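For reference, the structure is listed below as structure tokens.
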Amino acid sequence: MITLKNIVKAYDSKKDSSRAVDGLDLVINKGEFVALLGPSGCGKTTTLMMLAGLLKPTSGEIYFGDRLVNHVEPKDRNIGMVFQSYALYPHLTVRDNIAFPLRERKMPKAQAYERAKEMGKIVQIDHLLDRKPSQLSGGQQQRVAMARALAKDPEILLLDEPMSNLDARLKLDVRDEIRKLQRDLGVTTIIVTHDQEEALAISDRVAILNNGKIQQYAPPEELFSQPVNLFVASFLGNPPMNLIDGVIKEENGEQKIVTSGFQFRIPEARKLEAAHIDKPVKLGVRPHDFMLAEQTDSNAFPMKVDLVEHLGSGKLVKVIDPEQKLQTTIRFLADNETDVRHGDTIRMKIRENKFHVFDMTAEGLNLMQFR
Amino acid sequence: MNELKVHKKPFRKKIYPYLFIMPFSLLVLVFFILPAIATVGMAFTDLNASMKPHFVGITNFKRIFTDYNLPQILGNTAVFAVLSLVISMLFALIISIATQYFLKGKLLAVVYRVLWLIPSIIPSVVYVTFWKFIFDPTEGGLINEFLASMGVISEPVSWFTKGAMAIVILATIVSTISGGMILLSSAINSIPEDLYKAARVDGASEKSVITKIILPTLKWPLMYITISDLIGFVSSYFFIMLLTQGGPMRDTTTLSLYAFQQAFNLKYYGYGAAVSLIVVFISFVLTLLLIRMFDFDQMIKPSRIED
């Protein structure tokens, strides 16, 4: 188990604004696969470097199990690491690269080479052991880096954007392989990435970071369906969530959200606390949570089609209210069978329970109660 | 009828490239090619101060190989070139690793490297005067004064008679180190930071970092320094001439200095030219040899900087 307690990393101790990581708490269970996800500059790589021991936290404590490791050297942490650039030693062969950490631990050469061969087999590069890194493709280099990181049988595997230099299709394969390897070996793994799809696909839990703080730390499906705040909601998802300014109103015991373009009745089960009534909010709806409505649906509203983009697997439709009073257009995803054209007026509704209401504070907290 | 029209470049356009290189070609012709031809020509004459050359065939070359000074001069040349090269390269290597790896990014490292640059940017004459002052044989010499004040010596030591070659080599390497240092430092600087980080995670010792990451990266710059410096040392005489004039006796006379002295001090232009042709020949053979030895072809292939 890895425990990070109130970690702060400031590159300039005099200025608060220089804090790359600002009071971060994180618990990672043994054998868990955790992703640190966030936009660039959010502190995710700094956090990983502190876990590796390549950076020392300005304050706070890092525990591996019960052992405080703040001042433990990287080599004594029993970690394996894969760098974004792979950082293979260019003048050593693949075999020597994989055996390097073992040789540095004074393992006899024959034994280290035997282990290198074994690791090569696991990551399927055993036919390339005599090559130099410069003679390998990006995908092969990535595998060598994995093999080197895993050769010393580490307790913790740290991956720093390991797939950002691979092409899109290869990424899918490599991602599956890394996940499978991790499960087979049971090694606690922390991956840093800015690719949300990768993070959501590969991890047991994802920590979303922004401005050096954890915004939400939860399993992928929970992050997606129950974002705690506006940042998480708008960061995740592609195309991004629609965010529409509105006000909460109550009439005849029914709550609704009134925007400048349409009204939307909040279902009974999702009613907000009375304190929020008459307060401005942001209504958040993911593009695939809009749908075309029957003429008779009482909670639907008319929208005018502004633009239709074909995505292959479906259509991305941009709509705006007929009077064009909304500040922004709304994106919604329709399947290929839906026949909508520019200029059409359609009736739309929001999928039951698939909406979020955020308050207007700086954090933009999600007001929905998830029961 | 369709006549195939071949587009011809107008003559004016064709001549442009030649117009552009012409001024420099003239300079090359006047200052490099003509003197070279003249030197070769002179080597086969008995041109001297009387300025009335007669063709003498290979007499000059015969004379070189029977010159009783030759063994000592060739020995001096070898000692001077090899020792200067080895010592200056070793120091350049040590300084580069120290400042670019152990003290990377520290202000101290930058200041230290700039200090080493000073000997190579001050004019040679000033630089040599400085060394002459240090090793001055009178009581006023820096070392003599220092040693006398410490009570180590009572009489001033004549350093130039005792170890002229050592002083010449010392002065040469101090001014040469900076060149190699710049090349090696920038090569070390090009090593990605991630490699050092990976090495730290892998528990690599400093020795492993130096032998397995840094030194292999320096293979090509080290080869370049070996070739260019060695040829430079074989054919240069300027420092030696200013410091010792080849003396005492012929203790520090190298082949190229000998050529200079024969031609310009004794006015045996023909003989001097012949000796300098020998210098050119030795440089040429050395270059070929080193290129073969170091696999120079590999070096000039597309970029060897591996990322």
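Starting from 1 in every chain, residues are counted up; chains themselves are A, B, ... following the order of the structure tokens, and ligands are numbered from 1 as listed.
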Which chain B residues have any atom within 7 Å of an atom of chain A, and for each, what is the nearest pair of atoms with distance in Å to one decimal, counting only C-alpha atoms, rows sorted by chain and number, as CSV?
```
residue,atom,partner,partner_atom,distance
B:Asp194,CA,A:Ala87,CA,5.5
B:Leu195,CA,A:Ala87,CA,5.0
B:Ala198,CA,A:Ala87,CA,6.5
B:Arg200,CA,A:Pro74,CA,6.3
B:Val201,CA,A:Pro74,CA,5.0
B:Asp202,CA,A:Pro101,CA,4.6
B:Gly203,CA,A:Lys75,CA,4.4
B:Ala204,CA,A:Glu104,CA,5.6
B:Ile213,CA,A:Tyr89,CA,6.6
B:Pro216,CA,A:His91,CA,6.4
B:Glu306,CA,A:Pro90,CA,6.6
```
- Got a sec: who's within 8 Å of stretch 320-330 of chain A, counting only C-alpha atoms, leaving out chain neighbours fewer than 6 positions off, as a list in words?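 These residues fall inside the cut-off: Asn242, Ile244, Thr259, Ser260, Gly261, Phe262, Pro287, Pro302, Met303, Lys304, Val305, Asp306 and Thr345 of chain A.
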- Query: So what do you get for atom CA of A:His71 versus atom CA of A:Ser203, distance-wise?
  - Reply: 28.3 Å
- Message: Would you pick out the contacts of A:Lys256 at 6 Å or less, using only C-alpha atoms, so that residues sharing its chain but fewer than 3 positions from it are not included, and give the list as a PyMOL selection string?
- Response: chain A and resi 248-249+264-266
- Message: What's around B:Ala109 at 8 Å? Count only C-alpha atoms, leave out sequence neighbours fewer than 4 positions away in its own chain, and write the answer as a count of residues only.
- Response: 6
- Message: Show me, as JSON, numbers by chain, the residues that have an atom within 9 Å of B:Pro53 when counting only C-alpha atoms, minus same-chain residues fewer than 6 positions from it.
- Response: {"B": [42, 45, 46, 47, 270]}
- What lies within 9 Å of A:Asn353 using only C-alpha atoms, ignoring chain neighbours under 5 positions off, as a VMD selection string? chain A and resid 266 to 267 269 to 270
Write to file, as a CSV table (one decimal), in the first residue's frame, the residues of the selection just made, with C-alpha atoms.
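Output below, filename out.csv:
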```csv
chain,number,residue,atom,x,y,z
A,266,ILE,CA,-36.1,18.0,-12.6
A,267,PRO,CA,-37.4,14.5,-11.9
A,269,ALA,CA,-36.1,11.6,-7.3
A,270,ARG,CA,-33.4,14.1,-8.2
```
- Residues within 8 Å of stretch 364-369 of chain A, only C-alpha atoms, excluding chain neighbours under 3 positions, as a list in words: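 So, after excluding close chain neighbours, the residues are Pro227, Val228, Asn229, Leu230, Phe231, Arg270, Leu272, His356, Val357, Phe358, Asp359, Met360 and Thr361 of chain A.
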Could you pull out the residues in stretch 162-365 of chain A that DSSP calls strand (DSSP E or B) from the backbone, as a compact mmCIF listing (two decimals) with C-alpha atoms, in the first residue's frame?
```txt
# COMPACT_ATOMS: atom_id res chain seq x y z
CA THR A 188 1.19 -2.08 -7.90
CA THR A 189 1.23 0.29 -10.86
CA ILE A 190 0.89 4.03 -11.18
CA ILE A 191 0.59 5.56 -14.61
CA VAL A 192 0.78 9.24 -15.45
CA THR A 193 -1.09 10.28 -18.54
CA ARG A 205 -8.93 3.93 -10.11
CA VAL A 206 -8.15 7.30 -11.62
CA ALA A 207 -7.02 10.37 -9.73
CA ILE A 208 -7.86 13.53 -11.61
CA LEU A 209 -5.48 16.35 -10.79
CA ASN A 210 -5.69 20.04 -11.41
CA LYS A 213 -4.68 19.06 -6.13
CA ILE A 214 -6.69 15.89 -6.52
CA GLN A 215 -10.14 16.75 -7.85
CA GLN A 216 -11.60 13.27 -7.69
CA TYR A 217 -10.19 9.82 -7.04
CA ALA A 218 -12.56 7.07 -8.09
CA ASN A 229 -17.19 19.19 -9.71
CA ASN A 242 -22.49 20.68 -22.58
CA LEU A 243 -22.58 23.31 -19.87
CA ILE A 244 -25.53 25.67 -19.95
CA ASP A 245 -26.17 28.57 -17.57
CA GLY A 246 -29.52 28.47 -15.86
CA VAL A 247 -31.49 29.15 -12.66
CA ILE A 248 -33.29 26.70 -10.36
CA LYS A 249 -37.00 27.53 -10.01
CA GLU A 250 -39.78 25.90 -8.03
CA GLU A 251 -43.39 25.97 -9.11
CA GLU A 254 -41.92 20.94 -9.10
CA GLN A 255 -38.30 21.99 -9.54
CA LYS A 256 -37.03 23.05 -12.89
CA ILE A 257 -33.98 24.57 -14.46
CA VAL A 258 -34.70 27.61 -16.55
CA THR A 259 -32.13 28.57 -19.14
CA GLN A 263 -36.77 24.80 -19.49
CA PHE A 264 -36.10 21.42 -18.02
CA ARG A 265 -38.11 19.75 -15.23
CA PRO A 280 -27.85 30.44 -10.73
CA VAL A 281 -26.33 27.10 -11.73
CA LYS A 282 -24.68 25.36 -14.63
CA LEU A 283 -26.57 22.50 -16.18
CA GLY A 284 -24.25 19.80 -17.46
CA VAL A 285 -25.37 17.21 -19.99
CA PHE A 290 -29.59 14.23 -25.27
CA MET A 291 -32.17 12.42 -27.38
CA LEU A 292 -34.92 13.16 -29.80
CA PHE A 301 -38.04 21.44 -25.83
CA PRO A 302 -37.64 22.59 -29.42
CA MET A 303 -34.17 23.13 -30.89
CA LYS A 304 -32.94 24.25 -34.27
CA VAL A 305 -30.20 22.27 -36.05
CA ASP A 306 -27.24 24.44 -36.84
CA LEU A 307 -24.62 21.94 -38.02
CA VAL A 308 -24.32 18.19 -38.57
CA GLU A 309 -20.88 16.53 -38.42
CA HIS A 310 -20.40 12.92 -39.44
CA LYS A 315 -23.41 12.14 -36.03
CA LEU A 316 -22.46 15.09 -33.92
CA VAL A 317 -25.32 17.57 -34.14
CA LYS A 318 -24.99 21.17 -33.03
CA VAL A 319 -28.27 22.77 -32.07
CA ILE A 320 -29.41 26.09 -30.69
CA ILE A 330 -25.44 22.44 -27.67
CA ARG A 331 -23.70 19.36 -29.04
CA PHE A 332 -25.53 16.09 -29.08
CA LEU A 333 -24.64 12.71 -30.48
CA ALA A 334 -27.16 11.03 -32.75
CA THR A 345 -36.38 22.18 -35.89
CA ILE A 346 -36.42 19.16 -33.64
CA ARG A 347 -37.79 18.29 -30.20
CA MET A 348 -35.15 17.16 -27.76
CA LYS A 349 -35.05 15.87 -24.22
CA ILE A 350 -32.44 14.93 -21.68
CA HIS A 356 -25.62 17.34 -13.59
CA VAL A 357 -26.15 20.62 -11.82
CA PHE A 358 -23.09 22.58 -10.70
CA ASP A 359 -23.12 25.58 -8.39
CA LEU A 365 -19.51 21.55 -6.98
```
Which stretch 163-195 of chain B residues have any atom within 9 Å of an atom of stretch 217-239 of chain B, and for each, what is the nearest pair of atoms with distance in Å to one decimal, counting only C-alpha atoms, rows sorted by chain and number, as a Markdown table?
```
| residue | atom | partner | partner_atom | distance |
| --- | --- | --- | --- | --- |
| B:Val168 | CA | B:Phe239 | CA | 7.5 |
| B:Ala171 | CA | B:Phe239 | CA | 8.1 |
| B:Thr172 | CA | B:Phe239 | CA | 7.3 |
| B:Thr176 | CA | B:Asp229 | CA | 8.4 |
| B:Gly179 | CA | B:Ile225 | CA | 8.5 |
| B:Gly180 | CA | B:Ile225 | CA | 6.3 |
| B:Leu183 | CA | B:Pro221 | CA | 6.5 |
| B:Leu184 | CA | B:Pro221 | CA | 6.4 |
| B:Ala187 | CA | B:Leu218 | CA | 6.5 |
| B:Ile188 | CA | B:Thr217 | CA | 7.2 |
| B:Ile191 | CA | B:Thr217 | CA | 7.8 |
```
Residues from the last selection, N, CA and C atoms, saved as a short mmCIF file (atom, residue, chain, number, x, y, z; two decimals), in the first residue's frame:
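part01.cif written:
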```
data_model
loop_
_atom_site.label_atom_id
_atom_site.label_comp_id
_atom_site.auth_asym_id
_atom_site.auth_seq_id
_atom_site.Cartn_x
_atom_site.Cartn_y
_atom_site.Cartn_z
N VAL B 168 57.17 23.62 -22.66
CA VAL B 168 56.49 23.79 -23.96
C VAL B 168 55.19 22.99 -23.97
N ALA B 171 52.58 24.60 -21.61
CA ALA B 171 51.94 25.79 -22.19
C ALA B 171 50.97 25.39 -23.31
N THR B 172 51.37 24.38 -24.08
CA THR B 172 50.51 23.96 -25.19
C THR B 172 49.21 23.35 -24.70
N THR B 176 45.21 24.29 -25.12
CA THR B 176 44.46 23.38 -26.01
C THR B 176 43.25 22.77 -25.32
N GLY B 179 39.50 23.75 -26.13
CA GLY B 179 38.86 23.30 -27.36
C GLY B 179 38.18 21.96 -27.19
N GLY B 180 38.95 20.98 -26.68
CA GLY B 180 38.38 19.66 -26.43
C GLY B 180 37.28 19.73 -25.39
N LEU B 183 33.95 20.75 -26.94
CA LEU B 183 33.35 19.65 -27.70
C LEU B 183 32.77 18.59 -26.78
N LEU B 184 33.57 18.17 -25.80
CA LEU B 184 33.13 17.09 -24.92
C LEU B 184 31.98 17.54 -24.03
N ALA B 187 28.82 17.52 -25.91
CA ALA B 187 28.36 16.15 -26.15
C ALA B 187 27.71 15.58 -24.89
N ILE B 188 28.34 15.82 -23.74
CA ILE B 188 27.75 15.33 -22.49
C ILE B 188 26.42 16.02 -22.24
N ILE B 191 23.21 14.52 -23.63
CA ILE B 191 22.64 13.29 -23.09
C ILE B 191 21.32 13.63 -22.40
#
```
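Across the model, the gap from atom CA of A:Gly186 to atom CA of A:Pro154 is 10.3 Å.
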- Task: Apply DSSP to the backbone of this structure and, from stretch 91-303 of chain B, keep only the residues in helix (DSSP H, G or I); write these as a ChimeraX atom specification.
- Result: /B:91-102,107-121,124-134,142-150,159-189,193-201,206-217,219-235,238-243,255-265,269-294,296-299
Could you turn the residues from that selection into a file that holds C-alpha atoms, as a short mmCIF file (atom, residue, chain, number, x, y, z; two decimals), in the first residue's frame?
```cif
data_model
loop_
_atom_site.label_atom_id
_atom_site.label_comp_id
_atom_site.auth_asym_id
_atom_site.auth_seq_id
_atom_site.Cartn_x
_atom_site.Cartn_y
_atom_site.Cartn_z
CA PHE B 91 42.17 16.90 -18.79
CA ALA B 92 39.45 18.00 -21.20
CA LEU B 93 37.62 14.76 -20.43
CA ILE B 94 37.96 15.10 -16.67
CA ILE B 95 36.89 18.75 -16.69
CA SER B 96 33.92 18.06 -18.96
CA ILE B 97 32.61 15.19 -16.87
CA ALA B 98 33.17 17.11 -13.66
CA THR B 99 31.40 20.25 -14.83
CA GLN B 100 28.67 18.75 -17.00
CA TYR B 101 27.79 15.71 -14.94
CA PHE B 102 28.83 16.11 -11.33
CA LEU B 107 27.24 28.43 -11.58
CA LEU B 108 30.61 27.21 -10.35
CA ALA B 109 30.83 24.80 -13.29
CA VAL B 110 30.20 27.59 -15.80
CA VAL B 111 32.73 29.92 -14.20
CA TYR B 112 35.30 27.14 -14.12
CA ARG B 113 34.88 26.38 -17.82
CA VAL B 114 35.10 30.06 -18.73
CA LEU B 115 38.39 30.27 -16.82
CA TRP B 116 39.78 27.49 -19.00
CA LEU B 117 38.79 29.42 -22.09
CA ILE B 118 41.00 32.38 -21.19
CA PRO B 119 44.32 30.85 -22.37
CA SER B 120 42.88 30.21 -25.81
CA ILE B 121 41.41 33.68 -26.29
CA SER B 124 49.67 33.94 -28.21
CA VAL B 125 52.42 36.46 -27.71
CA VAL B 126 50.88 37.70 -24.47
CA TYR B 127 50.24 34.13 -23.39
CA VAL B 128 53.82 33.08 -24.05
CA THR B 129 55.16 36.12 -22.21
CA PHE B 130 53.16 35.00 -19.23
CA TRP B 131 54.79 31.56 -19.27
CA LYS B 132 58.20 33.12 -19.75
CA PHE B 133 57.59 35.24 -16.69
CA ILE B 134 56.55 32.20 -14.64
CA LEU B 142 57.44 33.78 -10.49
CA ILE B 143 58.42 30.25 -9.52
CA ASN B 144 61.95 31.15 -8.54
CA GLU B 145 60.69 33.98 -6.37
CA PHE B 146 58.06 31.77 -4.79
CA LEU B 147 60.44 28.89 -4.10
CA ALA B 148 63.08 31.28 -2.76
CA SER B 149 60.63 32.93 -0.40
CA MET B 150 59.60 29.48 0.84
CA TRP B 159 63.92 26.14 -15.78
CA PHE B 160 64.29 26.36 -19.52
CA THR B 161 67.61 24.54 -19.52
CA LYS B 162 66.28 21.83 -17.21
CA GLY B 163 62.90 21.08 -18.73
CA ALA B 164 62.25 23.12 -21.83
CA MET B 165 60.13 20.39 -23.43
CA ALA B 166 58.02 20.03 -20.28
CA ILE B 167 57.34 23.78 -20.26
CA VAL B 168 56.49 23.79 -23.96
CA ILE B 169 54.07 20.90 -23.50
CA LEU B 170 52.56 22.49 -20.40
CA ALA B 171 51.94 25.79 -22.19
CA THR B 172 50.51 23.96 -25.19
CA ILE B 173 48.07 21.77 -23.28
CA VAL B 174 46.80 24.59 -21.09
CA SER B 175 45.78 26.49 -24.21
CA THR B 176 44.46 23.38 -26.01
CA ILE B 177 42.29 21.91 -23.25
CA SER B 178 39.49 24.42 -23.78
CA GLY B 179 38.86 23.30 -27.36
CA GLY B 180 38.38 19.66 -26.43
CA MET B 181 36.50 20.71 -23.32
CA ILE B 182 33.91 22.60 -25.37
CA LEU B 183 33.35 19.65 -27.70
CA LEU B 184 33.13 17.09 -24.92
CA SER B 185 31.00 19.28 -22.68
CA SER B 186 28.43 19.86 -25.36
CA ALA B 187 28.36 16.15 -26.15
CA ILE B 188 27.75 15.33 -22.49
CA ASN B 189 25.15 18.08 -22.36
CA GLU B 193 18.19 13.94 -18.52
CA ASP B 194 15.92 10.88 -18.51
CA LEU B 195 18.93 8.59 -18.95
CA TYR B 196 20.41 9.80 -15.67
CA LYS B 197 17.05 9.43 -13.99
CA ALA B 198 16.68 5.89 -15.34
CA ALA B 199 20.19 5.14 -14.09
CA ARG B 200 19.28 6.40 -10.62
CA VAL B 201 16.16 4.24 -10.54
CA GLU B 206 28.73 6.74 -10.74
CA LYS B 207 31.29 4.47 -12.39
CA SER B 208 28.58 2.76 -14.43
CA VAL B 209 27.03 6.09 -15.42
CA ILE B 210 30.42 7.31 -16.65
CA THR B 211 31.52 4.12 -18.40
CA LYS B 212 28.18 3.00 -19.82
CA ILE B 213 26.36 6.24 -20.55
CA ILE B 214 28.79 9.17 -20.78
CA LEU B 215 31.96 7.69 -22.31
CA PRO B 216 30.22 5.85 -25.18
CA THR B 217 28.53 9.13 -26.11
CA LYS B 219 33.41 8.25 -28.76
CA TRP B 220 33.01 10.46 -31.82
CA PRO B 221 34.12 13.78 -30.30
CA LEU B 222 37.17 12.03 -28.81
CA MET B 223 38.10 10.70 -32.24
CA TYR B 224 37.71 14.10 -33.79
CA ILE B 225 39.89 15.71 -31.13
CA THR B 226 42.58 13.04 -31.57
CA ILE B 227 42.79 13.56 -35.30
CA SER B 228 42.61 17.34 -35.42
CA ASP B 229 44.85 18.00 -32.41
CA LEU B 230 47.50 15.47 -33.41
CA ILE B 231 47.81 16.98 -36.87
CA GLY B 232 47.80 20.42 -35.32
CA PHE B 233 50.64 19.53 -32.95
CA VAL B 234 52.73 17.94 -35.70
CA SER B 235 52.50 20.97 -37.97
CA PHE B 238 54.38 29.00 -33.20
CA PHE B 239 54.36 28.42 -29.44
CA ILE B 240 57.69 26.66 -29.41
CA MET B 241 59.27 29.37 -31.49
CA LEU B 242 58.04 32.07 -29.14
CA LEU B 243 58.86 30.18 -25.95
CA LEU B 255 60.16 19.12 -37.55
CA SER B 256 57.90 22.03 -38.51
CA LEU B 257 59.95 24.48 -36.44
CA TYR B 258 63.08 23.13 -38.12
CA ALA B 259 61.55 23.82 -41.52
CA PHE B 260 60.75 27.36 -40.42
CA GLN B 261 64.26 27.95 -39.08
CA GLN B 262 65.95 26.58 -42.21
CA ALA B 263 63.81 28.74 -44.46
CA PHE B 264 63.55 31.99 -42.56
CA ASN B 265 66.45 32.12 -40.10
CA TYR B 269 64.39 28.40 -48.70
CA GLY B 270 64.77 25.32 -50.85
CA TYR B 271 65.77 23.07 -47.97
CA GLY B 272 63.07 24.53 -45.68
CA ALA B 273 60.44 23.85 -48.33
CA ALA B 274 61.61 20.26 -48.60
CA VAL B 275 61.40 19.76 -44.82
CA SER B 276 57.94 21.28 -44.72
CA LEU B 277 56.86 18.89 -47.45
CA ILE B 278 57.97 16.08 -45.15
CA VAL B 279 55.76 17.59 -42.42
CA VAL B 280 52.84 17.65 -44.83
CA PHE B 281 53.56 14.05 -45.78
CA ILE B 282 53.67 12.91 -42.14
CA SER B 283 50.40 14.76 -41.38
CA PHE B 284 48.82 13.18 -44.41
CA VAL B 285 49.89 9.65 -43.47
CA LEU B 286 48.82 10.18 -39.86
CA THR B 287 45.40 11.41 -40.99
CA LEU B 288 44.89 8.41 -43.25
CA LEU B 289 46.04 6.08 -40.51
CA LEU B 290 43.75 7.59 -37.87
CA ILE B 291 40.80 7.69 -40.22
CA ARG B 292 41.31 4.00 -40.93
CA MET B 293 41.84 3.21 -37.28
CA PHE B 294 38.81 5.11 -36.04
CA PHE B 296 35.97 7.69 -39.82
CA ASP B 297 33.43 6.65 -42.46
CA GLN B 298 31.06 5.77 -39.64
CA MET B 299 31.58 9.19 -38.16
#
```
- In Å, rounded to a single decimal, give me how far atom CA of B:Thr39 is from atom CA of B:Asn60. 12.7 Å
